[in-house]
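Just model05.cif here, mmCIF, C-alpha atoms:
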```cif
data_data
#
loop_
_atom_site.label_atom_id
_atom_site.label_comp_id
_atom_site.auth_asym_id
_atom_site.auth_seq_id
_atom_site.Cartn_x
_atom_site.Cartn_y
_atom_site.Cartn_z
CA MET W 205 66.60 55.43 42.55
CA GLY W 206 65.89 59.16 42.50
CA SER W 207 63.22 58.83 45.15
CA LEU W 208 65.62 56.77 47.31
CA ILE W 209 68.27 59.50 47.10
CA LEU W 210 65.65 62.12 47.97
CA LYS W 211 64.50 60.03 50.94
CA TYR W 212 68.09 59.65 52.28
CA THR W 213 68.78 63.33 51.71
CA ILE W 214 65.67 64.35 53.65
CA SER W 215 66.58 61.91 56.42
CA LEU W 216 70.13 63.26 56.68
CA LEU W 217 68.86 66.86 56.76
CA LEU W 218 66.40 65.99 59.51
CA LEU W 219 69.16 64.23 61.46
CA PHE W 220 71.51 67.21 61.01
CA THR W 221 68.80 69.67 62.07
CA ALA W 222 67.94 67.54 65.07
CA SER W 223 71.59 67.26 66.12
CA LEU W 224 71.97 71.05 65.82
CA ALA W 225 68.92 71.59 67.96
CA PHE W 226 70.19 69.08 70.54
CA ALA W 227 73.63 70.71 70.58
CA GLN W 228 72.07 74.16 71.12
CA LYS W 229 69.95 72.78 73.95
CA ALA W 230 73.02 71.15 75.56
CA ASN W 231 75.00 74.40 75.25
CA LYS W 232 72.12 76.35 76.77
CA MET W 233 71.92 73.89 79.69
CA GLU W 234 75.69 74.19 80.24
CA THR W 235 75.53 78.01 80.13
CA ASP W 236 72.56 78.01 82.48
CA THR W 237 74.46 75.74 84.92
CA LEU W 238 77.54 77.97 84.81
CA GLU W 239 75.42 81.10 85.27
CA ALA W 240 73.74 79.45 88.23
CA GLU W 241 77.10 78.50 89.78
CA PHE W 242 78.42 82.05 89.42
CA MET W 243 75.27 83.61 90.87
CA PRO W 244 75.81 84.49 94.56
CA SER W 245 73.77 82.24 96.79
CA GLY W 246 73.98 84.31 99.98
CA VAL W 247 75.88 86.69 102.15
CA ARG W 248 77.75 85.80 105.32
CA ILE W 249 78.12 88.52 107.94
CA GLY W 250 80.05 88.28 111.15
CA ILE W 251 82.23 89.74 113.83
CA ASP W 252 85.73 89.03 115.10
CA ALA W 253 85.24 87.44 118.50
CA LEU W 254 88.90 87.76 119.44
CA ASN W 255 88.88 91.57 119.12
CA LEU W 256 85.59 91.71 120.98
CA GLY W 257 86.92 89.51 123.78
CA LEU W 258 90.09 91.56 124.17
CA SER W 259 88.02 94.76 124.27
CA ILE W 260 85.94 93.36 127.13
CA ALA W 261 88.96 92.04 129.03
CA ASP W 262 91.27 95.04 128.64
CA ASP W 263 90.19 98.63 129.40
CA SER W 264 93.04 100.10 127.38
CA TYR W 265 91.95 98.23 124.25
CA SER W 266 88.81 98.85 122.21
CA SER W 267 88.37 97.09 118.91
CA VAL W 268 85.49 95.84 116.82
CA LEU W 269 85.81 94.22 113.41
CA PHE W 270 82.90 93.32 111.11
CA VAL W 271 83.27 91.05 108.12
CA ALA W 272 81.00 90.12 105.21
CA ASP W 273 81.50 87.84 102.24
CA VAL W 274 79.52 86.89 99.15
CA ASP W 275 80.11 83.63 97.26
CA ILE W 276 80.66 83.58 93.52
CA TYR W 277 81.27 79.97 92.46
CA ARG W 278 84.42 78.95 94.43
CA TYR W 279 85.35 82.56 95.13
CA PHE W 280 84.31 84.99 97.84
CA LEU W 281 84.27 88.76 97.68
CA VAL W 282 85.19 89.92 101.16
CA GLY W 283 84.76 93.28 102.90
CA GLU W 284 85.82 94.16 106.43
CA TYR W 285 85.36 97.26 108.55
CA GLY W 286 86.87 97.93 111.95
CA ASN W 287 87.28 100.52 114.65
CA TYR W 288 90.36 100.41 116.85
CA SER W 289 91.58 102.35 119.84
CA ARG W 290 94.40 101.37 122.13
CA THR W 291 96.44 103.02 124.85
CA ARG W 292 99.84 101.50 125.53
CA THR W 293 101.40 102.55 128.81
CA GLY W 294 105.04 101.86 129.55
CA GLU W 295 107.88 103.01 131.77
CA ASN W 296 108.80 105.73 129.28
CA GLY W 297 105.62 106.87 127.67
CA VAL W 298 101.91 106.62 127.05
CA TYR W 299 100.91 106.07 123.44
CA THR W 300 97.34 106.16 122.12
CA THR W 301 96.13 105.39 118.63
CA ASP W 302 92.53 105.73 117.53
CA GLY W 303 90.99 105.19 114.12
CA SER W 304 89.01 103.10 111.68
CA TYR W 305 89.96 100.88 108.79
CA TRP W 306 88.51 98.80 105.99
CA ARG W 307 89.74 95.93 103.90
CA ILE W 308 88.47 94.51 100.63
CA GLY W 309 89.61 91.48 98.72
CA ALA W 310 88.80 88.02 97.51
CA ASP W 311 89.24 84.45 98.71
CA ILE W 312 89.24 81.18 96.84
CA ASN W 313 87.82 78.04 98.42
CA LEU W 314 90.36 75.24 98.19
CA PHE W 315 87.64 72.66 98.91
CA LYS W 316 86.07 71.91 95.53
CA LYS W 317 83.36 69.82 97.11
CA ASN W 318 82.76 69.39 100.80
CA GLN W 319 79.72 67.62 102.18
CA PHE W 320 79.52 70.06 105.13
CA GLY W 321 80.02 73.14 102.95
CA SER W 322 83.19 74.12 104.86
CA VAL W 323 85.56 76.66 103.40
CA LEU W 324 89.33 76.35 103.43
CA SER W 325 90.47 79.54 101.75
CA VAL W 326 93.39 81.66 100.73
CA GLY W 327 93.05 85.21 99.50
CA LEU W 328 94.31 88.73 99.14
CA ARG W 329 93.23 91.97 100.78
CA TYR W 330 93.84 95.67 100.38
CA GLY W 331 93.63 97.56 103.69
CA ASN W 332 93.19 101.26 104.36
CA SER W 333 93.26 103.08 107.69
CA THR W 334 92.57 106.62 108.90
CA PHE W 335 93.68 107.44 112.40
CA SER W 336 95.10 109.88 114.92
CA ASP W 337 97.71 109.16 117.55
CA GLN W 338 99.44 110.76 120.51
CA LEU W 339 102.53 110.13 122.59
CA THR W 340 103.26 111.63 125.98
CA THR W 341 106.77 110.93 127.13
CA THR W 342 109.57 112.35 129.22
CA LEU W 343 112.75 113.62 127.63
CA ALA W 344 115.74 113.57 129.93
CA SER W 345 118.92 115.42 128.95
CA TYR W 346 121.95 116.59 130.87
CA ALA W 347 121.72 119.89 128.97
CA TYR W 348 118.00 120.54 128.73
CA GLY W 349 116.84 118.84 131.91
CA THR W 350 113.77 116.64 132.20
CA ARG W 351 110.77 117.67 130.16
CA GLN W 352 107.41 116.06 129.59
CA VAL W 353 106.40 116.41 125.96
CA THR W 354 103.45 115.41 123.79
CA TYR W 355 103.64 114.53 120.12
CA GLN W 356 100.50 114.00 118.06
CA ASN W 357 99.16 113.38 114.57
CA GLU W 358 95.66 113.91 113.18
CA GLY W 359 94.03 112.39 110.10
CA VAL W 360 96.92 110.11 109.19
CA LYS W 361 96.30 107.68 106.31
CA GLY W 362 97.85 104.30 105.77
CA ASP W 363 97.35 101.42 103.36
CA TRP W 364 98.77 97.94 102.94
CA PHE W 365 98.24 94.50 101.38
CA GLU W 366 97.54 91.15 103.02
CA PHE W 367 97.81 87.46 102.30
CA VAL W 368 95.02 85.62 104.12
CA ALA W 369 94.46 81.96 104.87
CA GLY W 370 91.53 80.63 106.84
CA LEU W 371 88.97 78.01 107.61
CA LYS W 372 85.22 78.37 108.13
CA VAL W 373 82.90 75.61 109.20
CA PRO W 374 79.13 75.57 109.71
CA VAL W 375 78.21 74.85 113.31
CA TRP W 376 74.46 74.74 113.98
CA LYS W 377 73.02 77.95 112.51
CA LEU W 378 76.34 79.79 112.61
CA TRP W 379 79.68 79.70 110.87
CA LEU W 380 82.84 79.66 112.94
CA GLY W 381 86.15 80.44 111.37
CA TYR W 382 89.56 81.89 111.72
CA ASN W 383 91.93 83.79 109.52
CA LEU W 384 95.67 84.09 109.70
CA ARG W 385 96.88 87.10 107.78
CA MET W 386 100.26 88.45 106.86
CA LYS W 387 100.28 92.18 106.17
CA MET W 388 102.91 94.17 104.32
CA GLY W 389 103.58 97.40 102.48
CA ILE W 390 102.74 99.96 105.14
CA ASP W 391 104.16 103.47 104.74
CA SER W 392 107.37 104.24 106.68
CA TYR W 393 106.01 107.74 107.58
CA GLU W 394 109.58 109.11 107.64
CA GLN W 395 108.39 112.41 106.17
CA MET W 396 106.37 113.10 109.33
CA ALA W 397 107.76 114.92 112.36
CA PHE W 398 106.31 112.22 114.61
CA ILE W 399 106.28 108.72 113.13
CA PRO W 400 103.12 106.77 114.09
CA TYR W 401 103.85 103.75 116.24
CA GLU W 402 100.73 101.74 115.57
CA VAL W 403 98.33 101.83 112.61
CA PRO W 404 94.77 100.59 113.32
CA GLY W 405 94.06 97.53 111.20
CA TYR W 406 97.74 96.97 110.43
CA GLY W 407 99.71 96.86 113.67
CA LEU W 408 103.12 98.27 114.54
CA ALA W 409 104.13 100.63 111.74
CA ALA W 410 107.85 99.87 112.13
CA GLU W 411 107.24 96.22 111.23
CA LYS W 412 107.65 95.59 107.50
CA ASP W 413 105.37 92.60 107.78
CA TYR W 414 102.87 91.97 110.52
CA TRP W 415 100.75 88.95 111.46
CA GLU W 416 97.21 88.90 112.79
CA PHE W 417 94.87 86.18 113.87
CA ASN W 418 91.08 86.59 113.70
CA TYR W 419 88.39 84.32 115.02
CA TYR W 420 85.07 84.95 113.32
CA ILE W 421 81.53 84.16 114.31
CA MET W 422 79.32 84.56 111.26
CA TYR W 423 75.74 84.14 110.14
CA ARG W 424 74.76 83.31 106.58
CA ILE W 425 71.73 84.77 104.87
CA GLU W 426 70.83 82.60 101.90
CA TRP W 427 68.67 83.66 99.00
CA ARG W 428 68.87 80.48 96.90
CA MET G 24 81.93 66.84 112.90
CA LYS G 25 85.36 66.06 111.48
CA ASN G 26 85.64 69.69 110.33
CA ILE G 27 85.06 70.96 113.83
CA TYR G 28 87.99 68.91 115.11
CA ILE G 29 90.22 70.30 112.34
CA PHE G 30 89.06 73.80 113.20
CA LEU G 31 89.68 73.36 116.95
CA PHE G 32 93.09 71.82 116.26
CA PHE G 33 94.19 74.88 114.29
CA CYS G 34 92.79 77.19 116.97
CA PHE G 35 94.90 75.51 119.63
CA ILE G 36 98.16 75.47 117.71
CA LEU G 37 97.96 79.10 116.70
CA THR G 38 99.31 81.50 119.25
CA ALA G 39 99.48 85.27 119.34
CA CYS G 40 102.77 86.92 118.42
CA LEU G 41 104.62 89.20 120.81
CA ASP G 42 104.81 92.71 119.45
CA GLU G 43 107.18 94.48 121.83
CA PRO G 44 110.23 95.59 119.82
CA ASP G 45 113.80 95.61 121.10
CA CYS G 46 115.10 98.79 122.81
CA ILE G 47 117.64 99.64 120.14
CA GLN G 48 118.49 103.34 120.01
CA GLU G 49 119.46 104.39 116.48
CA ALA G 50 119.50 108.16 116.86
CA SER G 51 121.88 110.61 118.49
CA ASP G 52 121.29 114.18 119.56
CA GLU G 53 124.96 115.13 119.91
CA ILE G 54 127.26 116.84 117.46
CA LEU G 55 131.01 116.78 117.89
CA PHE G 56 133.26 119.86 117.64
CA LEU G 57 137.04 119.43 117.34
CA PHE G 58 139.35 122.32 118.19
CA LYS G 59 142.44 122.86 116.04
CA ASN G 60 145.42 125.13 115.93
CA ASP G 61 144.95 127.70 113.17
CA SER G 62 148.59 127.66 112.03
CA THR G 63 149.53 123.98 112.43
CA GLY G 64 146.12 122.28 112.03
CA ALA G 65 146.94 120.08 115.03
CA SER G 66 144.50 119.26 117.77
CA GLN G 67 144.43 121.94 120.43
CA SER G 68 142.90 121.98 123.89
CA VAL G 69 140.89 125.08 124.64
CA LYS G 70 140.10 126.11 128.17
CA PHE G 71 136.56 127.44 128.02
CA ASP G 72 135.20 129.85 130.57
CA SER G 73 131.86 128.38 129.59
CA VAL G 74 129.97 126.66 126.80
CA VAL G 75 126.31 127.56 126.92
CA ILE G 76 123.31 126.45 124.87
CA THR G 77 120.64 129.11 124.55
CA GLY G 78 117.46 127.83 126.16
CA ALA G 79 119.23 125.12 128.15
CA ASP G 80 119.31 125.19 131.92
CA SER G 81 122.92 124.26 132.44
CA VAL G 82 126.40 125.44 131.47
CA LEU G 83 128.11 122.56 129.67
CA TYR G 84 131.73 123.43 130.46
CA ARG G 85 133.21 125.78 132.99
CA SER G 86 136.95 126.43 133.23
CA LYS G 87 137.83 123.17 131.54
CA ALA G 88 140.42 122.54 128.85
CA THR G 89 139.28 120.16 126.12
CA PRO G 90 140.35 119.35 122.53
CA SER G 91 136.77 118.43 121.55
CA THR G 92 133.24 118.71 122.81
CA PHE G 93 129.91 117.00 122.25
CA ILE G 94 126.99 119.40 122.15
CA PRO G 95 123.39 118.12 122.39
CA LEU G 96 120.86 119.61 119.98
CA ASN G 97 117.46 120.64 121.25
CA PRO G 98 114.87 118.09 120.01
CA LEU G 99 111.94 120.42 120.65
CA THR G 100 113.11 123.20 118.35
CA THR G 101 114.59 123.39 114.85
CA GLU G 102 117.46 125.63 115.90
CA THR G 103 120.16 125.45 118.57
CA GLU G 104 122.44 128.35 119.46
CA ILE G 105 125.74 127.52 121.17
CA ILE G 106 127.95 130.15 122.79
CA PHE G 107 131.66 129.36 123.35
CA ASN G 108 133.35 131.67 125.85
CA SER G 109 137.10 131.34 126.17
CA PRO G 110 140.12 133.63 126.63
CA LEU G 111 140.57 133.24 122.87
CA GLY G 112 137.21 134.81 122.12
CA HIS G 113 133.47 134.88 122.51
CA ASP G 114 131.89 133.01 119.60
CA THR G 115 128.44 131.88 118.64
CA ILE G 116 127.16 129.27 116.21
CA VAL G 117 123.51 128.72 115.28
CA LEU G 118 122.61 125.33 113.85
CA GLN G 119 119.39 124.55 111.97
CA TYR G 120 117.81 121.15 111.42
CA ASN G 121 114.58 119.21 111.11
CA THR G 122 113.52 116.56 113.58
CA VAL G 123 111.74 113.23 113.22
CA THR G 124 110.65 111.52 116.42
CA ARG G 125 109.67 107.89 116.75
CA LEU G 126 108.50 105.82 119.67
CA ILE G 127 110.69 102.74 120.07
CA SER G 128 108.14 101.35 122.52
CA PRO G 129 106.28 102.71 125.55
CA ASN G 130 108.87 100.97 127.76
CA CYS G 131 111.93 102.02 125.75
CA GLY G 132 110.76 105.57 125.12
CA ALA G 133 111.14 107.83 122.10
CA GLU G 134 114.14 108.93 120.07
CA THR G 135 114.62 111.94 117.79
CA PHE G 136 116.55 112.00 114.53
CA PHE G 137 118.13 115.30 113.48
CA LEU G 138 118.02 115.75 109.72
CA ASP G 139 119.10 118.41 107.21
CA LEU G 140 121.64 119.91 109.64
CA SER G 141 123.05 123.23 108.48
CA VAL G 142 124.94 126.21 109.89
CA LYS G 143 122.65 129.22 109.94
CA GLU G 144 125.30 131.63 111.19
CA HIS G 145 128.53 131.73 113.20
CA THR G 146 131.15 134.19 114.43
CA PHE G 147 134.23 131.95 114.34
CA ASP G 148 137.19 133.16 112.30
CA SER G 149 137.59 129.72 110.83
CA LEU G 150 135.07 126.88 110.87
CA LYS G 151 135.30 123.71 108.79
CA ILE G 152 132.26 121.52 108.23
CA ILE G 153 133.26 117.85 108.31
CA ASN G 154 129.84 116.25 108.04
CA LEU G 155 126.24 117.30 108.61
CA ILE G 156 124.84 113.94 109.61
CA VAL G 157 123.99 113.40 113.26
CA LEU G 158 124.62 109.78 114.10
CA PRO G 159 125.84 107.93 117.21
CA ASP G 160 129.08 106.97 115.44
CA GLY G 161 131.43 109.47 117.14
CA GLU G 162 132.38 111.08 113.84
CA PRO G 163 133.23 114.82 114.14
CA ASN G 164 130.84 117.33 112.60
CA PHE G 165 132.80 120.57 112.81
CA GLU G 166 136.39 121.71 113.26
CA ILE G 167 137.01 125.10 114.85
CA TYR G 168 140.39 126.77 114.32
CA TYR G 169 141.83 129.05 117.01
#
```
Using structure tokens, write down the structure that the file contains.
Amino acid sequence: MGSLILKYTISLLLLFTASLAFAQKANKMETDTLEAEFMPSGVRIGIDALNLGLSIADDSYSSVLFVADVDIYRYFLVGEYGNYSRTRTGENGVYTTDGSYWRIGADINLFKKNQFGSVLSVGLRYGNSTFSDQLTTTLASYAYGTRQVTYQNEGVKGDWFEFVAGLKVPVWKLWLGYNLRMKMGIDSYEQMAFIPYEVPGYGLAAEKDYWEFNYYIMYRIEWR
Amino acid sequence: MKNIYIFLFFCFILTACLDEPDCIQEASDEILFLFKNDSTGASQSVKFDSVVITGADSVLYRSKATPSTFIPLNPLTTETEIIFNSPLGHDTIVLQYNTVTRLISPNCGAETFFLDLSVKEHTFDSLKIINLIVLPDGEPNFEIYY
């Protein structure tokens, strides 16, 4: 009877030890899988074709916007950098703005699984711009006569936030995609003697929210 | 392939937004003086020999009787000196202010807001400040008693 109890006890201990070992192995496999999913698998770099096209078509407009993103599971860390220069000529003035801007943020892929690897995303961005601008206009007054004047600013800063929604699909070796973004939170600049009209990367400064459409052509460099 | 169609569909339906704002002028460069009788406080027409703004090309009034006058401030300086010449006296007022200029749009042009208006000095016997805000609402800024 005693040897039977000892035999069962040893068997139970072995079973318990084995189950512990199996559980540890299963946990390790799960952790390894999660770690693998959260490891970036590549970087996608690209350019905004719409800005490039407008720059070629319009002499008064010069804009280039680069974008890069890195995948982390279903999320993407996104960075953008752009240069922007535009001269707007009207019946009552010539306004030029010139500067550079960057945006950082993150997107989440709403497609959990997609056989083509396409990305339908929403995300947030923080944007920051440094620029100079100049206005040449004519002031007409019955008292002071007609005078041509120039107002200008140097080294102006601006920042804002964006909601972004977009779609990217792989086409041959490239990725094509667009973003629709709503920007908000730009400074009113009312403390300045000359209020900037247009902020590179944002748009018209007087607009409390501003929309932009981007069309990206991207290339993905994979490392796993 | 299906994704490409979805992508092209969204590309076609999305259109660029127009970004030309409306030509709505919100600023004014004129301040309004009212002329009053010193003893009764009633409105009084004053026949000015001239009203001149220092630095301006033109004489605003010449031999004209008026109970009030709009005077434009100079948007390119932070000070405007106005000289009132009438048979009742030769008086000067110097107004100080800050300016903020904004472009409405290249087609609409720019407008200048006059802020922090104050009286630097004046030679009137009696001057009453009504309000120091320069807006296109037709509200008087100063009353001058003769």
Neighbours of chain G in chain W at 9 Å, counting only C-alpha atoms, as a count of residues only: 45
Atom-to-atom span, atom CA of Val69 of chain G and atom CA of Ala88 of chain G, Å: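 These atoms are spaced 4.9 Å apart.
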Ile106 of chain G surroundings by all atoms listed in the file, 6 Å radius, close-in-sequence under 6 positions cut, as a PyMOL selection string: chain G and resi 74-75+114-115
Dump of C-alpha atoms for the selected residues, as a short mmCIF file (atom, residue, chain, number, x, y, z; two decimals), in the coordinates of the input:
```cif
data_model
loop_
_atom_site.label_atom_id
_atom_site.label_comp_id
_atom_site.auth_asym_id
_atom_site.auth_seq_id
_atom_site.Cartn_x
_atom_site.Cartn_y
_atom_site.Cartn_z
CA VAL G 74 129.97 126.66 126.80
CA VAL G 75 126.31 127.56 126.92
CA ASP G 114 131.89 133.01 119.60
CA THR G 115 128.44 131.88 118.64
#
```
Arg428 of chain W environment, 8 Å, all atoms listed in the file, sequence neighbours closer than 2 positions dropped, as a ChimeraX atom specification: /W:245-246,426
Determine the residue membership of the PyMOL selection byres ((chain G and resi 145) around 7) for the file above and supply it as a PyMOL selection string. chain G and resi 115-117+144+146-147
From atom CA of Glu402 of chain W to atom CA of Val368 of chain W the spacing works out at 20.6 Å
Written as a PyMOL selection string, which residues does the PyMOL selection byres ((chain W and resi 406) around 8) give for the file shown? chain W and resi 331+364+387+390+402-405+407-409+414
Between atom CA of Lys143 of chain G and atom CA of Gln352 of chain W, measure the distance and give it in Å to one decimal.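 Computing the Euclidean distance for atom CA of Lys143 of chain G and atom CA of Gln352 of chain W yields 28.1 Å.
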With 6 Å on each side, where is the centre of the axis-aligned box around all listed atoms of segment 156-169 of chain G, and how long are its edges in Å to one decimal, as AutoDock Vina command-line options?
```
--center_x 132.9 --center_y 118.0 --center_z 113.4 --size_x 29.8 --size_y 34.1 --size_z 19.6
```
Name the residues in contact with segment 160-165 of chain G at a cut-off of 12 Å, using all atoms listed in the file, excluding same-chain residues fewer than 4 positions from it; report them as an NGL selection string. :G and (49-59 or 90-94 or 116 or 118 or 140-142 or 145 or 147 or 149-156)
To verify the selection step, state as a ChimeraX atom specification which residues the PyMOL selection byres ((chain W and resi 421) around 9) yields on this input. /W:249-253,378-382,419-420,422-423
Determine the nearest neighbour of Phe137 of chain G from the options G:Thr100, G:Ser62, G:Ser86, G:Ser109, counting only C-alpha atoms.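 With only C-alpha atoms as the atom set, the closest residue is G:Thr100.
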For Asn287 of chain W, find every residue with an atom within 9 Å (counting only C-alpha atoms), except residues of its own chain fewer than 4 positions away, and show them as number ranges by chain. W: 266-269, 302-306, 404-405
Just the residues within 8 Å of Glu284 of chain W, please, counting all atoms listed in the file, with nothing from its chain fewer than 5 positions along; format it as a short mmCIF file (atom, residue, chain, number, x, y, z; two decimals) with C-alpha atoms, keeping the file's coordinate frame.
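Output saved as selection-v9.cif:
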```cif
data_model
loop_
_atom_site.label_atom_id
_atom_site.label_comp_id
_atom_site.auth_asym_id
_atom_site.auth_seq_id
_atom_site.Cartn_x
_atom_site.Cartn_y
_atom_site.Cartn_z
CA LEU W 269 85.81 94.22 113.41
CA PHE W 270 82.90 93.32 111.11
CA VAL W 271 83.27 91.05 108.12
CA ALA W 272 81.00 90.12 105.21
CA TRP W 306 88.51 98.80 105.99
CA ARG W 307 89.74 95.93 103.90
CA ILE W 308 88.47 94.51 100.63
#
```
Around the point (140.1, 135.7, 126.1), in the coordinates given by the file, pick out the residues reaching within 10 Å, counting all atoms listed in the file, and return them as number ranges by chain. G: 70-72, 108-113
